[in-house]
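> Below is one structure. I have some questions about it.
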Amino acid sequence: MATSRRRSRAHNLKDSAGSYGRLPSFDINDLRQSLLSWYRQSGRDLPWRQSRDPYAIWVSEIMLQQTQVKTVIPYYQRWLQQFPTIQDLAESDQQQVLKTWQGLGYYARARNLYRAAQQIVQQYGGEFPDQLEAVMALPGIGRTTAGGILSAAFHQPTPILDGNVKRVLTRLAALKVPPSRAIAQLWKLSETILDPDSPRDFNQALMDLGATLCTVHNPNCPNCPWNRPCQAYNLGIQSQLPMTESHPPLPRKSIGVAVIWNGEGQILIDRRPQSGLLGGLWEFPGGKLEPGETIEACIQREIREELGIEIEVGDRLITVDHTYSHFHVTLNVHHCRHISGEPQPIECDEVRWVTLAEIDQYPFPKANLQIIEALRQDASGS
Ligand code: SF4
């Protein structure tokens, strides 16, 4: 404890490649206290902050990984009503889990929560573990999520380094390289400045600073508790940091999608394989357009290959554009009529004929929800 309270004069961020940045002289205790006192005045009042239950905190951490706070709040509340304990989650049906997650995106998060809950029940009798290594061994939990859970639920001095924190620390130290090239140094800095007496509040404060003042655009430096030690602000380069990696533009995929009707007014849907993007979710069948192929020919070919049936492709229903993390997709959706053959789950886990009224029971990816909405509008207009 005495070591952490020692005054620090300067902090180099170095690796074998040389010096990446340097904090100005500061009193580490001042740095901690100024942030904590700002947090007491201006910290956000978020539902998971009223809890010390590691399960509730874990759920919030996972939901917040790729989603904004205001979107997460209603999902978080619904999730805990639906699955109040780790045991409840572990014993539920995966389809129910995916349905509750529907609309939040990045569904691997929900599948991992579910698998991890089962692991916790089997290995720890349903009690969330409180050791860093054990937490990081659970599916879907990396070092920063583990640090967030252990500091918030168990008051352990475990550092965090999510996107907001990376930005704050990069500016604090005026790092002249993209954060991805100084990860070890940023972890070291997060660990060094963490207040061992108030790890829970300190980590929450750091996240709030990044979310509310040290924002991507127009950081509010005049009101920031760290504007004295902040290197980027003192150099007037806060808006130029963090430096960004250059990324090639995202590829675009064009997909032909079939809404296949049978004679009983039912629609054919299929469940995607567990592994891979959107695993375990239901969708309207279809596939990627080949070079030189028309949408109609693509749909006919894909349905034959994927489900082993013959269809007639009819009118266009809707075109949906959607962006995933690694590509853009355009779904060209057509009404189709089933002609012959029994649908087979050749490239999916399961197929089912459902009515439009029944379709809400199944978890679908976001882009497919627009198709369902268009079908409803079609039905109400006819
Ligand atoms: S002074 Fe500005 S750039 Fe520096 S940490 Fe505060 S908000 Fe971020």
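Naming scheme: A, B, ... for chains in displayed order of the structure tokens; residues 1 onward per chain; ligands 1 onward as shown.
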Enumerate residues in contact with ligand 1: an atom-to-atom distance of at most 9 Å, counting only C-alpha atoms and all ligand atoms. Format the result as an MDAnalysis selection string.
chainID A and resid 167:174 209:210 212:215 218:234 236:239 241
> Please list as a PyMOL selection string every residue within 10 Å of Trp79 (chain A), counting only C-alpha atoms and excluding residues in the same chain fewer than 5 positions away.
chain A and resi 56+59-60+73-74+84+89+97+100-101
> For region 253-256 of chain A, please output as a list in words all residues within 6 Å (counting only C-alpha atoms; exclusion window: fewer than 4 positions along the same chain).
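The filter keeps Gly286, Gly287, Lys288, Leu289, Ile295, Ile299, Val329, Thr330, Leu331 and Asn332 of chain A.
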> Let's have the selection written as a CSV table (one decimal), in the first residue's frame, with all heavy atoms.

```
chain,number,residue,atom,x,y,z
A,286,GLY,N,-31.4,-17.9,-48.0
A,286,GLY,CA,-30.9,-17.2,-49.2
A,286,GLY,C,-29.4,-17.3,-49.2
A,286,GLY,O,-28.8,-18.0,-48.5
A,287,GLY,N,-28.7,-16.5,-50.1
A,287,GLY,CA,-27.2,-16.6,-50.2
A,287,GLY,C,-26.7,-15.6,-51.1
A,287,GLY,O,-27.4,-14.7,-51.7
A,288,LYS,N,-25.3,-15.7,-51.2
A,288,LYS,CA,-24.6,-14.6,-51.9
A,288,LYS,C,-24.7,-14.7,-53.4
A,288,LYS,O,-24.7,-15.7,-54.0
A,288,LYS,CB,-23.1,-14.8,-51.5
A,288,LYS,CG,-22.3,-13.6,-51.7
A,288,LYS,CD,-20.9,-13.9,-51.0
A,288,LYS,CE,-19.9,-13.0,-51.7
A,288,LYS,NZ,-18.5,-13.6,-51.6
A,289,LEU,N,-24.9,-13.5,-54.0
A,289,LEU,CA,-25.0,-13.3,-55.4
A,289,LEU,C,-23.6,-13.6,-56.1
A,289,LEU,O,-22.6,-13.1,-55.7
A,289,LEU,CB,-25.4,-11.9,-55.7
A,289,LEU,CG,-25.9,-11.5,-57.1
A,289,LEU,CD1,-27.3,-12.1,-57.3
A,289,LEU,CD2,-26.0,-10.0,-57.2
A,295,ILE,N,-30.7,-11.5,-59.3
A,295,ILE,CA,-31.1,-11.8,-58.0
A,295,ILE,C,-32.1,-13.1,-58.0
A,295,ILE,O,-31.9,-14.0,-57.1
A,295,ILE,CB,-31.9,-10.6,-57.4
A,295,ILE,CG1,-31.1,-9.4,-57.3
A,295,ILE,CG2,-32.6,-11.0,-56.0
A,295,ILE,CD1,-30.0,-9.4,-56.3
A,299,ILE,N,-31.4,-16.5,-55.9
A,299,ILE,CA,-32.4,-17.1,-54.9
A,299,ILE,C,-32.7,-18.5,-55.2
A,299,ILE,O,-32.7,-19.4,-54.4
A,299,ILE,CB,-33.6,-16.2,-54.8
A,299,ILE,CG1,-33.3,-14.8,-54.2
A,299,ILE,CG2,-34.7,-16.9,-54.0
A,299,ILE,CD1,-34.4,-13.8,-54.2
A,329,VAL,N,-23.8,-5.3,-46.0
A,329,VAL,CA,-24.6,-6.3,-46.7
A,329,VAL,C,-25.8,-5.7,-47.3
A,329,VAL,O,-26.4,-4.8,-46.7
A,329,VAL,CB,-24.9,-7.5,-45.8
A,329,VAL,CG1,-25.9,-7.1,-44.7
A,329,VAL,CG2,-25.4,-8.7,-46.5
A,330,THR,N,-26.2,-6.1,-48.5
A,330,THR,CA,-27.5,-5.7,-49.1
A,330,THR,C,-28.3,-7.0,-49.2
A,330,THR,O,-27.9,-7.9,-49.9
A,330,THR,CB,-27.3,-5.0,-50.4
A,330,THR,OG1,-26.5,-3.9,-50.3
A,330,THR,CG2,-28.6,-4.6,-51.0
A,331,LEU,N,-29.5,-7.0,-48.6
A,331,LEU,CA,-30.4,-8.1,-48.7
A,331,LEU,C,-31.5,-7.8,-49.7
A,331,LEU,O,-32.2,-6.8,-49.5
A,331,LEU,CB,-31.1,-8.4,-47.3
A,331,LEU,CG,-30.2,-8.7,-46.1
A,331,LEU,CD1,-31.0,-9.0,-44.9
A,331,LEU,CD2,-29.2,-9.8,-46.4
A,332,ASN,N,-31.5,-8.5,-50.8
A,332,ASN,CA,-32.5,-8.3,-51.9
A,332,ASN,C,-33.6,-9.4,-51.7
A,332,ASN,O,-33.4,-10.5,-52.0
A,332,ASN,CB,-31.9,-8.5,-53.2
A,332,ASN,CG,-30.7,-7.6,-53.4
A,332,ASN,OD1,-30.8,-6.4,-53.7
A,332,ASN,ND2,-29.5,-8.1,-53.2
```
> Near Phe364 (chain A), within 6 Å and counting only C-alpha atoms, which residues show up once chain neighbours fewer than 3 positions away are dropped, as a list in words?
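That gives Leu281, Trp282 and Glu283 of chain A.
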> When you look at Arg316 (chain A) with a cut-off of 7 Å (counting only C-alpha atoms), what residues show up, excluding the ones that are within fewer than 5 positions of it in the same chain? I need them as an mmCIF file with N, CA and C atoms, in the first residue's frame.

```
data_model
loop_
_atom_site.group_PDB
_atom_site.id
_atom_site.type_symbol
_atom_site.label_atom_id
_atom_site.label_comp_id
_atom_site.auth_asym_id
_atom_site.auth_seq_id
_atom_site.Cartn_x
_atom_site.Cartn_y
_atom_site.Cartn_z
ATOM 1 N N VAL A 333 -34.745 -8.952 -51.076
ATOM 2 C CA VAL A 333 -35.721 -9.927 -50.586
ATOM 3 C C VAL A 333 -36.905 -10.045 -51.549
ATOM 4 N N HIS A 334 -37.218 -11.271 -51.931
ATOM 5 C CA HIS A 334 -38.344 -11.515 -52.837
ATOM 6 C C HIS A 334 -39.349 -12.477 -52.223
ATOM 7 N N HIS A 335 -40.629 -12.245 -52.528
ATOM 8 C CA HIS A 335 -41.646 -13.257 -52.233
ATOM 9 C C HIS A 335 -41.377 -14.446 -53.142
#
```
> Contacts of region 126-139 of chain A at 8 Å or less, counting only C-alpha atoms, minus same-chain residues fewer than 4 places along, as a PyMOL selection string?
chain A and resi 54-55+86-87+112-113+115-117+119-122+143+146-147+150+154
> How many Å lie between CA of Thr355 (chain A) and CA of Phe284 (chain A), rounded to one decimal?
13.1 Å
> Hey, what's within 12 Å of Ile339 (chain A) if we count only C-alpha atoms and toss same-chain stuff fewer than 2 positions away? As a list in words, please?
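Close residues of Ile339 (chain A): Ile260, Trp261, Asn262, Gly263, Gln300, Ile303, Arg304, Gly308, Ile309, Glu310, Ile311, Glu312, Val313, Cys336, Arg337, Gly341, Glu342 and Pro343 of chain A.
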> Report, in Å with one decimal, the straight-line distance from CA of Ile149 (chain A) to CA of Pro199 (chain A).
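Here the two named atoms are 11.0 Å from each other.
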> Go through region 177-339 of chain A and collect every residue that DSSP, computed from the backbone, puts in strand (DSSP E); the answer should be as a ChimeraX atom specification.
/A:252-261,267-271,282-283,286-288,310-323,328-339
> In Å to one decimal, how far is CA of Ala182 (chain A) from CA of Asn29 (chain A)?
24.5 Å
> Could you give me, as an NGL selection string, each residue of region 151-305 of chain A that DSSP assigns to helix (DSSP H, G or I) when run on this structure's backbone?
:A and (151-154 or 163-172 or 179-181 or 183-193 or 199-213 or 221-223 or 231-235 or 238-240 or 295-305)
> Rank nothing, just name the residue among A:Pro273, A:Gln41, A:Leu186, A:Val177 nearest to Met243 (chain A), using only C-alpha atoms.
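Closest candidate: A:Val177.
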> When you count only C-alpha atoms, which of these residues is closest to Cys298 (chain A): A:Val320, A:Ala184, A:Leu235, A:Val257?
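Using only C-alpha atoms, the shortest distance to Cys298 (chain A) belongs to A:Val257.
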